[in-house]
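Source file: structure38.cif. Holds: mmCIF, C-alpha atoms.
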data_final
#
loop_
_atom_site.label_atom_id
_atom_site.label_comp_id
_atom_site.auth_asym_id
_atom_site.auth_seq_id
_atom_site.Cartn_x
_atom_site.Cartn_y
_atom_site.Cartn_z
CA MET T 1 3.62 68.36 5.73
CA GLU T 2 2.77 71.28 3.49
CA HIS T 3 5.41 73.31 5.28
CA TYR T 4 8.11 70.79 4.39
CA LEU T 5 6.97 70.57 0.77
CA LEU T 6 7.15 74.35 0.55
CA ILE T 7 10.70 74.30 1.90
CA LEU T 8 11.72 71.77 -0.73
CA ILE T 9 10.15 73.64 -3.63
CA GLY T 10 11.34 76.95 -2.27
CA THR T 11 14.99 75.87 -2.10
CA VAL T 12 14.92 74.19 -5.49
CA PHE T 13 13.32 77.02 -7.46
CA VAL T 14 12.89 80.28 -5.57
CA ASN T 15 15.95 80.46 -3.35
CA ASN T 16 18.07 78.44 -5.74
CA ILE T 17 21.51 78.16 -4.24
CA VAL T 18 23.35 79.02 -7.43
CA MET T 19 20.94 81.42 -9.08
CA SER T 20 19.83 83.54 -6.17
CA LYS T 21 22.32 82.85 -3.37
CA ILE T 22 25.31 82.86 -5.77
CA LEU T 23 26.97 79.93 -4.01
CA GLY T 24 28.79 77.01 -5.60
CA LEU T 25 29.75 78.94 -8.72
CA CYS T 26 33.07 77.15 -9.24
CA PRO T 27 31.59 73.73 -10.05
CA PHE T 28 28.72 75.52 -11.82
CA LEU T 29 31.13 76.99 -14.36
CA GLY T 30 33.81 74.33 -14.10
CA VAL T 31 31.89 71.08 -14.46
CA SER T 32 29.21 72.21 -16.88
CA LYS T 33 31.01 71.54 -20.15
CA LYS T 34 29.48 68.10 -20.64
CA LEU T 35 26.02 66.88 -19.73
CA GLU T 36 27.15 63.51 -18.34
CA THR T 37 29.76 64.90 -16.00
CA SER T 38 27.33 67.52 -14.75
CA ILE T 39 24.82 64.80 -13.87
CA GLY T 40 27.56 62.90 -12.00
CA MET T 41 28.62 66.00 -10.13
CA GLY T 42 25.00 66.79 -9.27
CA ALA T 43 24.40 63.29 -7.89
CA ALA T 44 27.55 63.35 -5.77
CA THR T 45 26.76 66.81 -4.44
CA THR T 46 23.18 65.83 -3.58
CA PHE T 47 24.39 62.89 -1.55
CA VAL T 48 27.08 64.79 0.33
CA LEU T 49 25.05 67.95 0.89
CA THR T 50 22.08 66.13 2.41
CA LEU T 51 24.36 64.16 4.71
CA ALA T 52 26.39 67.25 5.59
CA SER T 53 23.29 69.30 6.50
CA GLY T 54 22.04 66.60 8.86
CA ALA T 55 25.44 66.01 10.48
CA SER T 56 26.13 69.72 10.83
CA TYR T 57 22.76 70.27 12.50
CA LEU T 58 23.45 67.54 15.06
CA ILE T 59 26.92 68.87 15.78
CA ASP T 60 25.75 72.46 15.97
CA VAL T 61 22.96 71.71 18.44
CA TYR T 62 24.36 68.93 20.57
CA LEU T 63 28.10 69.53 20.47
CA LEU T 64 28.65 73.24 19.99
CA GLY T 65 25.53 74.82 21.48
CA PRO T 66 25.22 78.56 21.93
CA ASP T 67 28.54 78.91 23.80
CA LEU T 68 30.78 77.61 21.07
CA SER T 69 28.82 78.84 18.05
CA TYR T 70 31.90 80.83 16.96
CA LEU T 71 33.49 77.49 16.05
CA ARG T 72 30.76 76.72 13.51
CA THR T 73 32.63 77.43 10.28
CA LEU T 74 35.70 75.52 11.41
CA THR T 75 33.82 72.45 12.64
CA PHE T 76 31.55 72.34 9.60
CA ILE T 77 34.55 72.36 7.26
CA VAL T 78 36.15 69.52 9.20
CA VAL T 79 32.93 67.51 9.23
CA ILE T 80 32.29 68.04 5.50
CA ALA T 81 35.82 66.98 4.64
CA GLY T 82 35.37 63.88 6.78
CA ILE T 83 32.02 63.00 5.18
CA VAL T 84 33.41 63.44 1.68
CA GLY T 85 36.39 61.23 2.48
CA PHE T 86 34.19 58.56 3.98
CA THR T 87 31.73 58.70 1.08
CA GLU T 88 34.55 58.33 -1.41
CA MET T 89 35.85 55.18 0.26
CA PHE T 90 32.36 53.75 0.73
CA ILE T 91 31.37 54.26 -2.91
CA LYS T 92 34.71 52.92 -4.14
CA LYS T 93 34.04 49.70 -2.26
CA THR T 94 30.33 49.26 -2.84
CA SER T 95 29.84 50.56 -6.37
CA PRO T 96 32.94 50.76 -8.59
CA VAL T 97 30.74 51.82 -11.52
CA LEU T 98 29.36 54.83 -9.68
CA PHE T 99 32.88 55.60 -8.43
CA ARG T 100 34.13 55.71 -12.00
CA VAL T 101 31.25 57.96 -13.05
CA LEU T 102 31.75 60.41 -10.18
CA GLY T 103 35.53 60.10 -10.32
CA ILE T 104 37.33 63.34 -9.56
CA TYR T 105 34.10 65.17 -8.66
CA LEU T 106 33.78 63.47 -5.29
CA PRO T 107 36.85 65.03 -3.68
CA LEU T 108 36.07 68.30 -5.44
CA ILE T 109 32.89 68.61 -3.39
CA THR T 110 34.99 69.37 -0.32
CA THR T 111 35.74 72.77 -1.79
CA ASN T 112 32.19 73.47 -2.98
CA CYS T 113 31.10 76.54 -1.04
CA ALA T 114 27.43 75.56 -1.37
CA VAL T 115 28.09 72.53 0.80
CA LEU T 116 29.44 74.77 3.55
CA GLY T 117 26.93 77.54 2.86
CA ILE T 118 23.75 75.53 3.43
CA PRO T 119 24.69 74.22 6.91
CA LEU T 120 25.73 77.75 7.90
CA LEU T 121 22.46 79.21 6.58
CA ASN T 122 20.59 76.47 8.45
CA ALA T 123 22.33 77.35 11.69
CA GLN T 124 21.59 81.02 11.11
CA ALA T 125 17.90 80.35 10.44
CA GLN T 126 17.71 78.00 13.47
CA SER T 127 15.95 75.31 11.48
CA ASN T 128 15.09 72.03 13.14
CA PHE T 129 16.52 68.68 12.07
CA ILE T 130 13.96 67.83 9.36
CA GLU T 131 14.06 71.36 8.00
CA SER T 132 17.87 71.23 7.87
CA LEU T 133 17.81 67.95 5.98
CA LEU T 134 15.21 69.31 3.54
CA PHE T 135 17.20 72.50 3.02
CA GLY T 136 20.22 70.37 2.22
CA LEU T 137 18.33 68.09 -0.13
CA GLY T 138 16.44 70.93 -1.81
CA GLY T 139 19.55 73.05 -2.21
CA ALA T 140 21.40 70.13 -3.73
CA LEU T 141 18.52 69.27 -6.06
CA GLY T 142 18.36 72.91 -7.14
CA PHE T 143 22.12 72.88 -7.72
CA THR T 144 21.82 69.71 -9.80
CA LEU T 145 18.91 71.10 -11.81
CA VAL T 146 20.70 74.32 -12.66
CA LEU T 147 23.97 72.53 -13.38
CA VAL T 148 22.33 70.08 -15.78
CA LEU T 149 20.33 72.82 -17.53
CA PHE T 150 23.42 74.96 -17.85
CA ALA T 151 25.49 72.07 -19.20
CA ALA T 152 22.83 71.35 -21.82
CA LEU T 153 22.82 75.02 -22.82
CA ARG T 154 26.60 75.09 -23.09
CA GLU T 155 26.61 71.96 -25.24
CA ARG T 156 24.26 73.75 -27.63
CA LEU T 157 26.41 76.87 -27.50
CA GLU T 158 29.38 74.82 -28.75
CA ALA T 159 27.60 74.44 -32.07
CA ALA T 160 26.21 77.97 -32.19
CA ASP T 161 27.82 80.74 -34.19
CA VAL T 162 28.93 83.00 -31.36
CA PRO T 163 30.63 86.30 -32.27
CA LYS T 164 34.37 86.03 -31.70
CA PRO T 165 34.78 88.31 -28.65
CA PHE T 166 32.02 86.43 -26.80
CA ARG T 167 33.31 82.89 -27.34
CA GLY T 168 34.22 80.58 -24.49
CA VAL T 169 33.88 81.74 -20.90
CA SER T 170 32.30 85.11 -21.75
CA ILE T 171 29.22 83.58 -23.39
CA ALA T 172 29.02 81.13 -20.48
CA MET T 173 28.93 84.04 -18.03
CA ILE T 174 26.27 85.83 -20.07
CA THR T 175 24.20 82.64 -20.24
CA ALA T 176 24.52 82.19 -16.47
CA GLY T 177 23.31 85.75 -15.96
CA LEU T 178 20.30 85.21 -18.23
CA MET T 179 19.50 81.97 -16.43
CA SER T 180 19.64 83.79 -13.11
CA LEU T 181 17.20 86.37 -14.46
CA ALA T 182 14.90 83.57 -15.60
CA PHE T 183 14.99 82.00 -12.15
CA MET T 184 13.90 85.32 -10.65
CA GLY T 185 10.59 84.59 -12.34
CA PHE T 186 9.98 81.92 -9.71
CA ALA T 187 10.08 84.56 -6.98
CA GLY T 188 6.30 84.95 -7.04
CA LEU T 189 5.73 81.22 -6.56
CA ILE T 190 6.04 81.25 -2.77
CA ARG T 191 5.83 84.40 -0.77
CA MET S 1 38.49 77.91 25.89
CA LEU S 2 39.10 74.42 27.21
CA SER S 3 35.74 73.17 25.99
CA ALA S 4 36.46 74.54 22.53
CA LEU S 5 39.76 72.68 22.43
CA LEU S 6 38.07 69.52 23.68
CA VAL S 7 35.25 69.73 21.15
CA LEU S 8 37.52 70.32 18.17
CA GLY S 9 40.11 67.83 19.32
CA GLY S 10 37.45 65.20 20.01
CA LEU S 11 35.83 65.83 16.65
CA GLY S 12 39.15 65.42 14.92
CA LEU S 13 39.85 62.21 16.80
CA VAL S 14 36.43 60.74 16.03
CA LEU S 15 36.60 61.65 12.35
CA GLY S 16 40.14 60.37 12.11
CA ALA S 17 39.13 57.09 13.73
CA VAL S 18 36.12 56.70 11.41
CA LEU S 19 38.21 57.44 8.33
CA GLY S 20 40.96 55.11 9.48
CA TRP S 21 38.43 52.36 10.13
CA ALA S 22 36.83 52.97 6.70
CA GLU S 23 40.25 52.84 5.04
CA VAL S 24 40.81 49.36 6.42
CA LYS S 25 37.22 48.17 6.05
CA PHE S 26 36.60 49.44 2.53
CA ARG S 27 40.03 48.72 1.10
CA VAL S 28 39.93 47.90 -2.58
CA ALA S 29 42.91 46.04 -3.94
CA ASP S 30 44.26 47.54 -7.13
CA ASP S 31 45.18 45.00 -9.74
CA PRO S 32 48.54 43.78 -8.39
CA LEU S 33 49.67 42.61 -11.82
CA VAL S 34 49.59 46.15 -13.22
CA GLU S 35 51.81 47.34 -10.37
CA LYS S 36 54.31 44.55 -10.99
CA ILE S 37 54.47 45.21 -14.73
CA ASP S 38 54.78 48.91 -14.08
CA ALA S 39 57.72 48.23 -11.76
CA ILE S 40 59.61 46.46 -14.55
CA LEU S 41 59.00 49.19 -17.14
CA PRO S 42 61.73 51.85 -17.12
CA GLN S 43 59.40 54.77 -16.21
CA THR S 44 60.82 57.04 -18.89
CA GLN S 45 57.25 57.84 -19.99
CA CYS S 46 58.63 58.22 -23.51
CA GLY S 47 55.53 56.94 -25.29
CA GLN S 48 57.41 54.89 -27.91
CA CYS S 49 55.15 51.93 -27.10
CA GLY S 50 52.21 53.90 -28.45
CA PHE S 51 50.65 54.44 -25.04
CA PRO S 52 50.69 57.75 -23.16
CA GLY S 53 53.10 56.50 -20.52
CA CYS S 54 54.42 53.48 -18.69
CA LYS S 55 51.34 52.93 -16.51
CA PRO S 56 48.84 52.81 -19.41
CA TYR S 57 51.16 50.40 -21.23
CA ALA S 58 51.33 48.24 -18.10
CA GLU S 59 47.52 48.23 -17.90
CA ALA S 60 47.28 47.22 -21.57
CA ILE S 61 49.78 44.38 -21.05
CA ALA S 62 47.87 43.18 -18.01
CA LYS S 63 44.68 43.08 -20.05
CA GLY S 64 46.50 41.22 -22.81
CA GLU S 65 45.87 44.01 -25.30
CA ALA S 66 49.48 44.88 -26.00
CA PRO S 67 52.55 42.79 -26.80
CA ILE S 68 55.39 42.94 -24.29
CA ASN S 69 58.11 43.96 -26.72
CA LYS S 70 57.09 47.54 -27.41
CA CYS S 71 59.46 49.20 -24.96
CA PRO S 72 62.82 50.24 -26.53
CA PRO S 73 64.26 51.86 -23.36
CA GLY S 74 63.53 48.65 -21.44
CA GLY S 75 65.50 46.70 -24.03
CA ALA S 76 65.79 42.97 -24.34
CA ASP S 77 66.30 42.67 -20.61
CA GLY S 78 62.94 44.29 -19.91
CA VAL S 79 61.15 42.03 -22.38
CA LYS S 80 62.73 38.99 -20.76
CA ARG S 81 61.65 40.03 -17.27
CA LEU S 82 58.13 40.78 -18.48
CA ALA S 83 57.99 37.38 -20.12
CA GLU S 84 59.10 35.73 -16.88
CA LEU S 85 56.52 37.65 -14.87
CA LEU S 86 53.67 36.84 -17.21
CA GLY S 87 54.75 33.25 -17.84
CA VAL S 88 54.89 33.65 -21.60
CA ASP S 89 57.72 33.00 -24.04
CA PRO S 90 59.65 36.08 -25.02
CA PRO S 91 58.81 36.89 -28.62
CA ALA S 92 61.35 35.38 -30.99
CA ALA S 93 64.18 37.64 -32.01
CA ASP S 94 62.90 38.32 -35.51
CA ASP S 95 59.42 39.35 -34.32
CA MET S 96 60.94 41.89 -32.04
CA GLU S 97 61.36 45.34 -33.42
CA HIS S 98 65.09 45.23 -33.07
CA LYS S 99 67.04 48.40 -32.98
CA PRO S 100 70.75 48.61 -32.29
CA ARG S 101 71.51 50.32 -29.01
CA ALA S 102 72.08 53.99 -29.69
CA VAL S 103 72.78 57.10 -27.71
CA ALA S 104 72.00 60.71 -28.54
CA VAL S 105 74.88 63.05 -29.26
CA ILE S 106 74.77 66.83 -29.44
CA ASP S 107 76.63 68.57 -32.24
CA GLU S 108 78.76 71.08 -30.38
CA ASN S 109 78.96 73.52 -33.27
CA THR S 110 75.22 73.99 -33.72
CA CYS S 111 73.87 73.77 -30.15
CA ILE S 112 72.51 77.18 -29.14
CA GLY S 113 72.01 76.29 -25.47
CA CYS S 114 68.24 76.60 -25.43
CA THR S 115 67.73 73.92 -22.66
CA LEU S 116 64.69 72.47 -24.49
CA CYS S 117 66.27 69.02 -24.77
CA ILE S 118 67.15 69.08 -21.05
CA GLN S 119 63.48 69.54 -20.20
CA SER S 120 62.40 66.68 -22.43
CA CYS S 121 64.96 64.13 -21.19
CA PRO S 122 63.17 61.60 -18.95
CA VAL S 123 66.35 60.32 -17.32
CA ASP S 124 68.16 63.65 -16.77
CA ALA S 125 71.01 62.53 -18.99
CA ILE S 126 71.60 65.99 -20.49
CA VAL S 127 73.63 68.58 -18.62
CA GLY S 128 73.94 72.22 -19.53
CA ALA S 129 72.62 75.65 -18.74
CA SER S 130 70.90 78.42 -20.62
CA LYS S 131 73.12 79.68 -23.49
CA GLN S 132 75.77 77.12 -22.56
CA LEU S 133 76.71 74.09 -24.60
CA HIS S 134 74.75 71.00 -23.56
CA VAL S 135 76.30 67.57 -23.23
CA ILE S 136 74.63 64.16 -23.09
CA LEU S 137 75.92 61.67 -20.55
CA GLU S 138 76.41 58.57 -22.63
CA LYS S 139 76.06 56.20 -19.72
CA GLN S 140 72.68 57.58 -18.65
CA CYS S 141 71.17 57.92 -22.13
CA THR S 142 68.59 55.24 -22.86
CA GLY S 143 68.29 56.12 -26.55
CA CYS S 144 64.63 57.04 -26.26
CA GLU S 145 64.92 59.83 -28.88
CA LEU S 146 62.61 62.14 -26.91
CA CYS S 147 65.15 64.96 -27.15
CA LEU S 148 65.16 64.99 -30.95
CA PRO S 149 61.84 66.74 -31.70
CA PRO S 150 62.18 69.69 -29.26
CA CYS S 151 65.63 70.74 -30.59
CA PRO S 152 65.06 73.91 -32.68
CA VAL S 153 68.34 73.59 -34.60
CA ASP S 154 68.30 69.80 -35.07
CA CYS S 155 71.71 69.41 -33.51
CA ILE S 156 71.00 66.08 -31.79
CA HIS S 157 71.42 62.84 -33.64
CA MET S 158 71.49 59.20 -32.65
CA VAL S 159 74.77 57.35 -32.75
CA VAL S 160 74.76 53.57 -32.71
CA VAL S 161 76.95 52.27 -29.93
CA LYS S 162 79.73 50.20 -31.44
CA GLU S 163 80.48 46.98 -29.73
CA ASP S 164 83.87 46.87 -28.16
CA LEU S 165 85.33 45.22 -25.10
CA ALA S 166 83.65 47.71 -22.79
CA THR S 167 80.12 47.55 -24.21
CA TRP S 168 79.92 43.95 -25.37
CA LYS S 169 77.73 41.62 -23.38
CA TRP S 170 76.30 38.16 -23.76
CA ARG S 171 73.35 37.88 -26.07
CA TYR S 172 70.19 36.75 -24.34
CA PRO S 173 69.48 33.23 -25.43
CA VAL S 174 66.35 32.96 -27.53
CA HIS S 175 64.83 29.53 -27.90
CA THR S 176 61.96 28.95 -30.23
CA LEU S 177 59.83 26.22 -28.73
CA ARG S 178 58.17 23.86 -31.10
CA ARG S 179 54.84 22.46 -30.09
CA VAL S 180 54.94 18.68 -30.10
CA ALA S 181 51.37 17.62 -29.62
#
Can you turn what I pasted into structure tokens?
Amino acid sequence: MEHYLLILIGTVFVNNIVMSKILGLCPFLGVSKKLETSIGMGAATTFVLTLASGASYLIDVYLLGPDLSYLRTLTFIVVIAGIVGFTEMFIKKTSPVLFRVLGIYLPLITTNCAVLGIPLLNAQAQSNFIESLLFGLGGALGFTLVLVLFAALRERLEAADVPKPFRGVSIAMITAGLMSLAFMGFAGLIR
Amino acid sequence: MLSALLVLGGLGLVLGAVLGWAEVKFRVADDPLVEKIDAILPQTQCGQCGFPGCKPYAEAIAKGEAPINKCPPGGADGVKRLAELLGVDPPAADDMEHKPRAVAVIDENTCIGCTLCIQSCPVDAIVGASKQLHVILEKQCTGCELCLPPCPVDCIHMVVVKEDLATWKWRYPVHTLRRVA
């Protein structure tokens, strides 16, 4: 039990997928202009990433096995695209409100490299099913946390008096770098 | 090799089947009324109705938020068809913002051949090439006036189409119904 809790905390804070693995940077910079949209994107990613980690584990172990492991990247991409498509249709039918909130971010998840990265890292680390699921969930929660924090920071930056050459994307990049440094402080939390 | 093909092919088939099943199972019908209204609108996307395009205007009509006579390119014919579709009376002639049918004409002496009006024309009624004189095809022009603002030398103006034997047509009958009870 403690092991699983450590995995969860570790992926959210210490090995944060954006801040220390540098994955999923496109939505991190692209969807962080407004707090609400970043929350929507985070929720959608959490859902898809958890599902994708579980499905990828099953496919990797039971379908591909050691012989066909060179097909991993290809199969994972196909599976993720399928899951995203299915999720989109399911949410559209069951919860139109949520569908309107998530909107364009749902299909965008297909191209989020974090969603492909976590299943591949799982396969590399030979995690078991529960561990894979937790890695997916933790990674996605970490992604959401960082995305929401970053969006809040950028909303404040809009009102701040930033020197002219640093305005716009440059100050966003600098802020991201500083945030990454701050997240390094978690490194001592779990060995 | 064969197993790889089988695995990937099978995966594709399964996912395709699941997605196809979901498409049928989770189908959500879009509001059919919006589609029908949108089909009647001329799709010039000119924005003269005050909405950013034909589809938003159609949505507003379907919700009852916009009157049906805001579309100059659609003309009286369009208003009549919308009224038939929605089961309402066409607005009486004097409520309608009536404009005489007009077409745009390019002044041949001032046109510099910049092609800006060609890009703005929603019905491709302007012919011409870079640094060549442009001409507006009178028959295609809907009189939407979208080509006026982009012209840098203001050489386009609207000319009211005079009624003669070729352009005259029957007026649409407008009946004002009086409520009895």
Translate the PyMOL selection byres ((chain S) within 12 of (chain T)) into a concrete residue list for this structure, as JSON, numbers by chain.
{"S": [1, 2, 3, 4, 5, 6, 7, 8, 9, 10, 11, 12, 13, 14, 15, 16, 17, 18, 19, 20, 21, 22, 23, 24, 25, 26, 27, 28, 29, 30]}
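In terms of minimum interatomic distance to Gly136 of chain T, T:Pro119 ranks closest within T:Pro119, T:Gly42, T:Pro163, T:Gly24, counting only C-alpha atoms.
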Assuming the chain letters and numbering stay as they are in my file, what does the PyMOL selection byres ((chain T and resi 147) around 8) actually select? List them as a PDB file with C-alpha atoms, in the coordinates of the input.
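Now in out04.pdb:
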ATOM      1  CA  PHE T  28      28.720  75.520 -11.820  1.00  0.00           C
ATOM      2  CA  SER T  32      29.210  72.210 -16.880  1.00  0.00           C
ATOM      3  CA  SER T  38      27.330  67.520 -14.750  1.00  0.00           C
ATOM      4  CA  ILE T  39      24.820  64.800 -13.870  1.00  0.00           C
ATOM      5  CA  GLY T  42      25.000  66.790  -9.270  1.00  0.00           C
ATOM      6  CA  PHE T 143      22.120  72.880  -7.720  1.00  0.00           C
ATOM      7  CA  THR T 144      21.820  69.710  -9.800  1.00  0.00           C
ATOM      8  CA  LEU T 145      18.910  71.100 -11.810  1.00  0.00           C
ATOM      9  CA  VAL T 146      20.700  74.320 -12.660  1.00  0.00           C
ATOM     10  CA  VAL T 148      22.330  70.080 -15.780  1.00  0.00           C
ATOM     11  CA  LEU T 149      20.330  72.820 -17.530  1.00  0.00           C
ATOM     12  CA  PHE T 150      23.420  74.960 -17.850  1.00  0.00           C
ATOM     13  CA  ALA T 151      25.490  72.070 -19.200  1.00  0.00           C
TER      14      ALA T 151
END
Just say which residues the PyMOL selection byres ((chain T and resi 15) around 12) picks in this file, as a PyMOL selection string.
chain T and resi 6-14+16-23+118+121+135+138-143+180+183-191
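The interatomic distance for the pair atom CA of Ala104 of chain S and atom CA of Pro149 of chain S works out to 12.2 Å.
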Residue list as a ChimeraX atom specification for point (60.5, 69.6, -24.9), cut-off 9 Å, all atoms listed in the file
/S:115-121,146-151
Nearest-residue call for Phe99 of chain T, choices T:Ala44, T:Ala152, T:Ala125, T:Leu49, using only C-alpha atoms
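Closest to Phe99 of chain T, using only C-alpha atoms: T:Ala44.
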Identify, on the basis of all atoms listed in the file, every residue whose closest approach to Phe51 of chain S does not exceed 12 Å; exclude the query and any residue fewer than 2 positions from it along the same chain; express the result as a PDB file with C-alpha atoms, in the coordinates of the input.
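Output file around.pdb is given in full below:
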ATOM      1  CA  GLN S  45      57.250  57.840 -19.990  1.00  0.00           C
ATOM      2  CA  CYS S  46      58.630  58.220 -23.510  1.00  0.00           C
ATOM      3  CA  GLY S  47      55.530  56.940 -25.290  1.00  0.00           C
ATOM      4  CA  GLN S  48      57.410  54.890 -27.910  1.00  0.00           C
ATOM      5  CA  CYS S  49      55.150  51.930 -27.100  1.00  0.00           C
ATOM      6  CA  GLY S  53      53.100  56.500 -20.520  1.00  0.00           C
ATOM      7  CA  CYS S  54      54.420  53.480 -18.690  1.00  0.00           C
ATOM      8  CA  LYS S  55      51.340  52.930 -16.510  1.00  0.00           C
ATOM      9  CA  PRO S  56      48.840  52.810 -19.410  1.00  0.00           C
ATOM     10  CA  TYR S  57      51.160  50.400 -21.230  1.00  0.00           C
ATOM     11  CA  ALA S  58      51.330  48.240 -18.100  1.00  0.00           C
ATOM     12  CA  GLU S  59      47.520  48.230 -17.900  1.00  0.00           C
ATOM     13  CA  ALA S  60      47.280  47.220 -21.570  1.00  0.00           C
ATOM     14  CA  ILE S  61      49.780  44.380 -21.050  1.00  0.00           C
ATOM     15  CA  GLU S  65      45.870  44.010 -25.300  1.00  0.00           C
ATOM     16  CA  ALA S  66      49.480  44.880 -26.000  1.00  0.00           C
ATOM     17  CA  PRO S  67      52.550  42.790 -26.800  1.00  0.00           C
ATOM     18  CA  LYS S  70      57.090  47.540 -27.410  1.00  0.00           C
ATOM     19  CA  CYS S  71      59.460  49.200 -24.960  1.00  0.00           C
TER      20      CYS S  71
END
Residue with smallest distance to Gly87 of chain S - pool S:Cys114, S:Ile68, S:Leu133, S:Val159, counting only C-alpha atoms
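When distances to Gly87 of chain S are compared using only C-alpha atoms, the smallest one comes from S:Ile68.
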Let me make sure I understand: among S:Val127, S:Ile37, S:Thr44, S:Asp107, which one has the smallest atom-to-atom distance to Ala83 of chain S if we use all atoms listed in the file?
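That would be S:Ile37, the residue with the smallest distance to Ala83 of chain S.
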What is the atom CA of Gly143 of chain S to atom CA of Val161 of chain S distance in Å?
10.1 Å
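Across the structure, atom CA of Thr37 of chain T and atom CA of Gly54 of chain T are spaced 26.1 Å apart.
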So, with only C-alpha atoms as the atoms that count, which of T:Ser56, T:Gln126, T:Thr45, T:Thr175 lies closest to Ile109 of chain T?
T:Thr45
So, with all atoms listed in the file as the atoms that count, which of S:Cys144, S:Ile40, S:Val34, S:Ile112 lies closest to Glu84 of chain S?
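Among S:Cys144, S:Ile40, S:Val34, S:Ile112, it is S:Ile40 that comes nearest to Glu84 of chain S.
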Got a sec to write segment 161-175 of chain T of the block to a file, N, CA and C atoms, as a tab-separated table (two decimals), in the first residue's frame?
chain	number	residue	atom	x	y	z
T	161	ASP	N	3.60	44.52	-14.91
T	161	ASP	CA	4.32	45.43	-15.80
T	161	ASP	C	5.62	44.77	-16.23
T	162	VAL	N	5.52	43.98	-17.31
T	162	VAL	CA	6.69	43.24	-17.78
T	162	VAL	C	7.46	44.13	-18.75
T	163	PRO	N	8.80	44.16	-18.64
T	163	PRO	CA	9.60	44.94	-19.60
T	163	PRO	C	9.31	44.48	-21.04
T	164	LYS	N	9.34	45.40	-21.96
T	164	LYS	CA	8.86	45.13	-23.31
T	164	LYS	C	9.48	43.90	-23.98
T	165	PRO	N	10.82	43.74	-23.94
T	165	PRO	CA	11.37	42.58	-24.66
T	165	PRO	C	10.95	41.24	-24.08
T	166	PHE	N	10.45	41.23	-22.84
T	166	PHE	CA	10.12	39.96	-22.19
T	166	PHE	C	8.64	39.60	-22.30
T	167	ARG	N	7.83	40.48	-22.92
T	167	ARG	CA	6.40	40.26	-22.91
T	167	ARG	C	6.01	39.04	-23.72
T	168	GLY	N	4.87	38.46	-23.37
T	168	GLY	CA	4.30	37.37	-24.17
T	168	GLY	C	4.97	36.04	-23.86
T	169	VAL	N	5.39	35.35	-24.94
T	169	VAL	CA	5.89	33.99	-24.78
T	169	VAL	C	7.18	33.96	-23.98
T	170	SER	N	8.03	35.02	-24.13
T	170	SER	CA	9.33	34.94	-23.45
T	170	SER	C	9.17	34.87	-21.94
T	171	ILE	N	8.25	35.70	-21.40
T	171	ILE	CA	8.09	35.67	-19.93
T	171	ILE	C	7.44	34.34	-19.52
T	172	ALA	N	6.62	33.77	-20.41
T	172	ALA	CA	6.03	32.47	-20.10
T	172	ALA	C	7.11	31.40	-20.00
T	173	MET	N	8.06	31.44	-20.94
T	173	MET	CA	9.18	30.48	-20.92
T	173	MET	C	10.00	30.64	-19.64
T	174	ILE	N	10.29	31.90	-19.29
T	174	ILE	CA	11.09	32.15	-18.09
T	174	ILE	C	10.35	31.62	-16.86
T	175	THR	N	9.03	31.91	-16.81
T	175	THR	CA	8.24	31.43	-15.68
T	175	THR	C	8.26	29.91	-15.60
